[in-house]
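Q: My questions all concern the structure below.
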Amino acid sequence: MIDKELLDILACPACKADVVLETAGSEEKIACTKCKRKYPVKDGIPIMLIDEAETPKE
């Protein structure tokens, strides 16, 4: 689980918008509230790299 304080200071590296934690089963992702990219969380560490993000389908 990502710490709330860490989540509060994170921002999307692509558009600098706020992010939220999404949980599906045991899988966690950091989701951008603006551009909708989803960044993986591996072993409790958010991987905030644009190249690692899932981009929304248009």
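Every chain in the structure tokens has a letter given in the order shown (A, B, ...), and although residue numbers restart at 1 in each chain, ligands are simply numbered from 1 in the order shown.
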Residues near Lys34 in chain A, anyone? I mean within 12 Å using only C-alpha atoms, not counting same-chain ones fewer than 4 positions away, as an NGL selection string.
A: :A and (11-20 or 38 or 55-56)
Q: Leaving out Ile50 in chain A and any residue of its chain fewer than 2 positions from it, which residues lie within 9 Å of it when counting only C-alpha atoms, given as a VMD selection string?
A: chain A and resid 12 to 14 37 39 47 to 48 52 to 54
Q: Select from chain A everything DSSP, run on the backbone, classes as alpha helix (DSSP H), then give the selection as a list in words.
A: Lys4, Glu5, Leu6, Leu7, Asp8 and Ile9 of chain A
Q: Since we have the selection now, will you write its residues out, keeping N, CA and C atoms, as a PDB file, in the first residue's frame?
A:
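Below is the file out_33.pdb, written as the result:
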```pdb
ATOM      1  N   LYS A   4      -0.163   7.578   2.175  1.00  0.00           N
ATOM      2  CA  LYS A   4      -0.979   8.731   1.796  1.00  0.00           C
ATOM      3  C   LYS A   4      -0.129   9.991   1.619  1.00  0.00           C
ATOM      4  N   GLU A   5       0.863  10.188   2.484  1.00  0.00           N
ATOM      5  CA  GLU A   5       1.733  11.367   2.369  1.00  0.00           C
ATOM      6  C   GLU A   5       2.527  11.345   1.074  1.00  0.00           C
ATOM      7  N   LEU A   6       3.003  10.174   0.666  1.00  0.00           N
ATOM      8  CA  LEU A   6       3.738  10.048  -0.600  1.00  0.00           C
ATOM      9  C   LEU A   6       2.799  10.334  -1.766  1.00  0.00           C
ATOM     10  N   LEU A   7       1.620   9.776  -1.717  1.00  0.00           N
ATOM     11  CA  LEU A   7       0.648   9.991  -2.792  1.00  0.00           C
ATOM     12  C   LEU A   7       0.308  11.480  -2.940  1.00  0.00           C
ATOM     13  N   ASP A   8       0.249  12.198  -1.821  1.00  0.00           N
ATOM     14  CA  ASP A   8      -0.071  13.626  -1.850  1.00  0.00           C
ATOM     15  C   ASP A   8       0.999  14.466  -2.545  1.00  0.00           C
ATOM     16  N   ILE A   9       2.255  14.021  -2.526  1.00  0.00           N
ATOM     17  CA  ILE A   9       3.318  14.822  -3.154  1.00  0.00           C
ATOM     18  C   ILE A   9       3.645  14.378  -4.577  1.00  0.00           C
TER      19      ILE A   9
END
```
Q: Would you return as a PDB file with all heavy atoms, in the first residue's frame the members of chain A that DSSP assigns to strand (DSSP E) on this structure's backbone?
A:
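So the final result, stored in selection-v1.pdb, reads:
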```
ATOM      1  N   VAL A  19      -2.402  12.766  -8.841  1.00  0.00           N
ATOM      2  CA  VAL A  19      -2.587  11.340  -9.087  1.00  0.00           C
ATOM      3  C   VAL A  19      -3.354  10.714  -7.930  1.00  0.00           C
ATOM      4  O   VAL A  19      -3.394  11.253  -6.830  1.00  0.00           O
ATOM      5  CB  VAL A  19      -1.241  10.608  -9.291  1.00  0.00           C
ATOM      6  CG1 VAL A  19      -0.533  11.096 -10.539  1.00  0.00           C
ATOM      7  CG2 VAL A  19      -0.337  10.762  -8.075  1.00  0.00           C
ATOM      8  N   VAL A  20      -3.976   9.570  -8.215  1.00  0.00           N
ATOM      9  CA  VAL A  20      -4.708   8.810  -7.206  1.00  0.00           C
ATOM     10  C   VAL A  20      -4.280   7.353  -7.296  1.00  0.00           C
ATOM     11  O   VAL A  20      -3.769   6.905  -8.320  1.00  0.00           O
ATOM     12  CB  VAL A  20      -6.239   8.926  -7.394  1.00  0.00           C
ATOM     13  CG1 VAL A  20      -6.718  10.341  -7.159  1.00  0.00           C
ATOM     14  CG2 VAL A  20      -6.666   8.438  -8.758  1.00  0.00           C
ATOM     15  N   LEU A  21      -4.502   6.636  -6.216  1.00  0.00           N
ATOM     16  CA  LEU A  21      -4.169   5.217  -6.174  1.00  0.00           C
ATOM     17  C   LEU A  21      -5.370   4.412  -6.634  1.00  0.00           C
ATOM     18  O   LEU A  21      -6.486   4.620  -6.149  1.00  0.00           O
ATOM     19  CB  LEU A  21      -3.769   4.810  -4.758  1.00  0.00           C
ATOM     20  CG  LEU A  21      -3.378   3.345  -4.563  1.00  0.00           C
ATOM     21  CD1 LEU A  21      -2.115   3.024  -5.350  1.00  0.00           C
ATOM     22  CD2 LEU A  21      -3.187   3.050  -3.091  1.00  0.00           C
ATOM     23  N   GLU A  22      -5.154   3.505  -7.578  1.00  0.00           N
ATOM     24  CA  GLU A  22      -6.196   2.579  -8.017  1.00  0.00           C
ATOM     25  C   GLU A  22      -5.766   1.177  -7.631  1.00  0.00           C
ATOM     26  O   GLU A  22      -4.618   0.795  -7.843  1.00  0.00           O
ATOM     27  CB  GLU A  22      -6.398   2.647  -9.530  1.00  0.00           C
ATOM     28  CG  GLU A  22      -7.064   3.902 -10.002  1.00  0.00           C
ATOM     29  CD  GLU A  22      -7.405   3.862 -11.482  1.00  0.00           C
ATOM     30  OE1 GLU A  22      -7.032   2.889 -12.185  1.00  0.00           O
ATOM     31  OE2 GLU A  22      -8.035   4.815 -11.949  1.00  0.00           O
ATOM     32  N   THR A  23      -6.693   0.414  -7.082  1.00  0.00           N
ATOM     33  CA  THR A  23      -6.400  -0.950  -6.677  1.00  0.00           C
ATOM     34  C   THR A  23      -7.381  -1.895  -7.349  1.00  0.00           C
ATOM     35  O   THR A  23      -8.587  -1.669  -7.300  1.00  0.00           O
ATOM     36  CB  THR A  23      -6.520  -1.094  -5.144  1.00  0.00           C
ATOM     37  OG1 THR A  23      -5.687  -0.106  -4.530  1.00  0.00           O
ATOM     38  CG2 THR A  23      -6.086  -2.461  -4.677  1.00  0.00           C
ATOM     39  N   ALA A  24      -6.848  -2.933  -7.972  1.00  0.00           N
ATOM     40  CA  ALA A  24      -7.673  -3.973  -8.583  1.00  0.00           C
ATOM     41  C   ALA A  24      -7.130  -5.315  -8.087  1.00  0.00           C
ATOM     42  O   ALA A  24      -6.085  -5.768  -8.538  1.00  0.00           O
ATOM     43  CB  ALA A  24      -7.617  -3.894 -10.098  1.00  0.00           C
ATOM     44  N   GLU A  27      -3.298  -5.810  -7.334  1.00  0.00           N
ATOM     45  CA  GLU A  27      -2.509  -4.934  -8.202  1.00  0.00           C
ATOM     46  C   GLU A  27      -2.829  -3.468  -7.917  1.00  0.00           C
ATOM     47  O   GLU A  27      -3.996  -3.079  -7.845  1.00  0.00           O
ATOM     48  CB  GLU A  27      -2.816  -5.256  -9.665  1.00  0.00           C
ATOM     49  CG  GLU A  27      -1.955  -4.517 -10.643  1.00  0.00           C
ATOM     50  CD  GLU A  27      -2.216  -4.968 -12.066  1.00  0.00           C
ATOM     51  OE1 GLU A  27      -1.978  -6.148 -12.361  1.00  0.00           O
ATOM     52  OE2 GLU A  27      -2.656  -4.131 -12.866  1.00  0.00           O
ATOM     53  N   GLU A  28      -1.794  -2.659  -7.757  1.00  0.00           N
ATOM     54  CA  GLU A  28      -1.955  -1.224  -7.528  1.00  0.00           C
ATOM     55  C   GLU A  28      -1.368  -0.451  -8.698  1.00  0.00           C
ATOM     56  O   GLU A  28      -0.365  -0.857  -9.278  1.00  0.00           O
ATOM     57  CB  GLU A  28      -1.241  -0.781  -6.255  1.00  0.00           C
ATOM     58  CG  GLU A  28      -1.812  -1.331  -4.986  1.00  0.00           C
ATOM     59  CD  GLU A  28      -1.078  -0.817  -3.762  1.00  0.00           C
ATOM     60  OE1 GLU A  28       0.143  -0.593  -3.836  1.00  0.00           O
ATOM     61  OE2 GLU A  28      -1.740  -0.643  -2.732  1.00  0.00           O
ATOM     62  N   LYS A  29      -2.015   0.659  -9.031  1.00  0.00           N
ATOM     63  CA  LYS A  29      -1.503   1.570 -10.056  1.00  0.00           C
ATOM     64  C   LYS A  29      -1.736   2.990  -9.587  1.00  0.00           C
ATOM     65  O   LYS A  29      -2.688   3.283  -8.869  1.00  0.00           O
ATOM     66  CB  LYS A  29      -2.219   1.345 -11.386  1.00  0.00           C
ATOM     67  CG  LYS A  29      -1.891  -0.003 -11.983  1.00  0.00           C
ATOM     68  CD  LYS A  29      -2.488  -0.177 -13.336  1.00  0.00           C
ATOM     69  CE  LYS A  29      -2.207  -1.605 -13.761  1.00  0.00           C
ATOM     70  NZ  LYS A  29      -1.670  -1.741 -15.034  1.00  0.00           N
ATOM     71  N   ILE A  30      -0.851   3.887 -10.006  1.00  0.00           N
ATOM     72  CA  ILE A  30      -1.001   5.304  -9.752  1.00  0.00           C
ATOM     73  C   ILE A  30      -1.615   5.897 -11.019  1.00  0.00           C
ATOM     74  O   ILE A  30      -1.028   5.796 -12.092  1.00  0.00           O
ATOM     75  CB  ILE A  30       0.362   5.973  -9.458  1.00  0.00           C
ATOM     76  CG1 ILE A  30       1.074   5.294  -8.289  1.00  0.00           C
ATOM     77  CG2 ILE A  30       0.195   7.457  -9.239  1.00  0.00           C
ATOM     78  CD1 ILE A  30       0.426   5.485  -6.952  1.00  0.00           C
ATOM     79  N   ALA A  31      -2.806   6.497 -10.893  1.00  0.00           N
ATOM     80  CA  ALA A  31      -3.531   7.010 -12.055  1.00  0.00           C
ATOM     81  C   ALA A  31      -3.569   8.529 -12.037  1.00  0.00           C
ATOM     82  O   ALA A  31      -3.860   9.142 -11.014  1.00  0.00           O
ATOM     83  CB  ALA A  31      -4.943   6.456 -12.069  1.00  0.00           C
ATOM     84  N   CYS A  32      -3.300   9.126 -13.187  1.00  0.00           N
ATOM     85  CA  CYS A  32      -3.353  10.580 -13.329  1.00  0.00           C
ATOM     86  C   CYS A  32      -4.814  11.019 -13.461  1.00  0.00           C
ATOM     87  O   CYS A  32      -5.590  10.395 -14.194  1.00  0.00           O
ATOM     88  CB  CYS A  32      -2.573  11.010 -14.566  1.00  0.00           C
ATOM     89  SG  CYS A  32      -2.667  12.788 -14.867  1.00  0.00           S
ATOM     90  N   LYS A  38      -1.676   5.501 -16.404  1.00  0.00           N
ATOM     91  CA  LYS A  38      -1.602   4.681 -15.200  1.00  0.00           C
ATOM     92  C   LYS A  38      -0.184   4.138 -15.066  1.00  0.00           C
ATOM     93  O   LYS A  38       0.330   3.492 -15.979  1.00  0.00           O
ATOM     94  CB  LYS A  38      -2.606   3.539 -15.270  1.00  0.00           C
ATOM     95  CG  LYS A  38      -4.028   4.047 -15.250  1.00  0.00           C
ATOM     96  CD  LYS A  38      -5.024   2.919 -15.227  1.00  0.00           C
ATOM     97  CE  LYS A  38      -6.431   3.496 -15.236  1.00  0.00           C
ATOM     98  NZ  LYS A  38      -7.435   2.443 -15.174  1.00  0.00           N
ATOM     99  N   TYR A  39       0.411   4.426 -13.911  1.00  0.00           N
ATOM    100  CA  TYR A  39       1.785   4.028 -13.635  1.00  0.00           C
ATOM    101  C   TYR A  39       1.791   2.820 -12.709  1.00  0.00           C
ATOM    102  O   TYR A  39       1.056   2.790 -11.723  1.00  0.00           O
ATOM    103  CB  TYR A  39       2.549   5.197 -12.994  1.00  0.00           C
ATOM    104  CG  TYR A  39       2.604   6.411 -13.896  1.00  0.00           C
ATOM    105  CD1 TYR A  39       1.622   7.394 -13.819  1.00  0.00           C
ATOM    106  CD2 TYR A  39       3.605   6.559 -14.839  1.00  0.00           C
ATOM    107  CE1 TYR A  39       1.648   8.499 -14.665  1.00  0.00           C
ATOM    108  CE2 TYR A  39       3.641   7.661 -15.686  1.00  0.00           C
ATOM    109  CZ  TYR A  39       2.652   8.623 -15.591  1.00  0.00           C
ATOM    110  OH  TYR A  39       2.692   9.705 -16.437  1.00  0.00           O
ATOM    111  N   PRO A  40       2.628   1.822 -13.004  1.00  0.00           N
ATOM    112  CA  PRO A  40       2.643   0.613 -12.173  1.00  0.00           C
ATOM    113  C   PRO A  40       3.283   0.851 -10.810  1.00  0.00           C
ATOM    114  O   PRO A  40       4.078   1.778 -10.636  1.00  0.00           O
ATOM    115  CB  PRO A  40       3.484  -0.365 -13.003  1.00  0.00           C
ATOM    116  CG  PRO A  40       4.389   0.500 -13.816  1.00  0.00           C
ATOM    117  CD  PRO A  40       3.587   1.754 -14.109  1.00  0.00           C
ATOM    118  N   VAL A  41       2.905   0.007  -9.864  1.00  0.00           N
ATOM    119  CA  VAL A  41       3.531  -0.022  -8.545  1.00  0.00           C
ATOM    120  C   VAL A  41       4.140  -1.419  -8.414  1.00  0.00           C
ATOM    121  O   VAL A  41       3.432  -2.416  -8.494  1.00  0.00           O
ATOM    122  CB  VAL A  41       2.503   0.227  -7.422  1.00  0.00           C
ATOM    123  CG1 VAL A  41       3.174   0.118  -6.063  1.00  0.00           C
ATOM    124  CG2 VAL A  41       1.850   1.591  -7.593  1.00  0.00           C
ATOM    125  N   LYS A  42       5.454  -1.480  -8.261  1.00  0.00           N
ATOM    126  CA  LYS A  42       6.158  -2.767  -8.155  1.00  0.00           C
ATOM    127  C   LYS A  42       6.832  -2.861  -6.794  1.00  0.00           C
ATOM    128  O   LYS A  42       7.625  -2.002  -6.433  1.00  0.00           O
ATOM    129  CB  LYS A  42       7.197  -2.900  -9.272  1.00  0.00           C
ATOM    130  CG  LYS A  42       6.565  -2.916 -10.645  1.00  0.00           C
ATOM    131  CD  LYS A  42       7.589  -3.037 -11.749  1.00  0.00           C
ATOM    132  CE  LYS A  42       6.899  -2.969 -13.106  1.00  0.00           C
ATOM    133  NZ  LYS A  42       7.840  -2.943 -14.214  1.00  0.00           N
ATOM    134  N   ILE A  45       6.689   0.227  -4.735  1.00  0.00           N
ATOM    135  CA  ILE A  45       7.380   1.411  -5.241  1.00  0.00           C
ATOM    136  C   ILE A  45       6.706   1.881  -6.533  1.00  0.00           C
ATOM    137  O   ILE A  45       6.628   1.130  -7.509  1.00  0.00           O
ATOM    138  CB  ILE A  45       8.870   1.104  -5.525  1.00  0.00           C
ATOM    139  CG1 ILE A  45       9.547   0.638  -4.244  1.00  0.00           C
ATOM    140  CG2 ILE A  45       9.567   2.319  -6.122  1.00  0.00           C
ATOM    141  CD1 ILE A  45      10.912   0.044  -4.453  1.00  0.00           C
ATOM    142  N   PRO A  46       6.196   3.121  -6.557  1.00  0.00           N
ATOM    143  CA  PRO A  46       5.585   3.623  -7.789  1.00  0.00           C
ATOM    144  C   PRO A  46       6.644   3.881  -8.857  1.00  0.00           C
ATOM    145  O   PRO A  46       7.667   4.497  -8.594  1.00  0.00           O
ATOM    146  CB  PRO A  46       4.917   4.927  -7.363  1.00  0.00           C
ATOM    147  CG  PRO A  46       5.380   5.232  -6.001  1.00  0.00           C
ATOM    148  CD  PRO A  46       6.102   4.055  -5.454  1.00  0.00           C
TER     149      PRO A  46
END
```
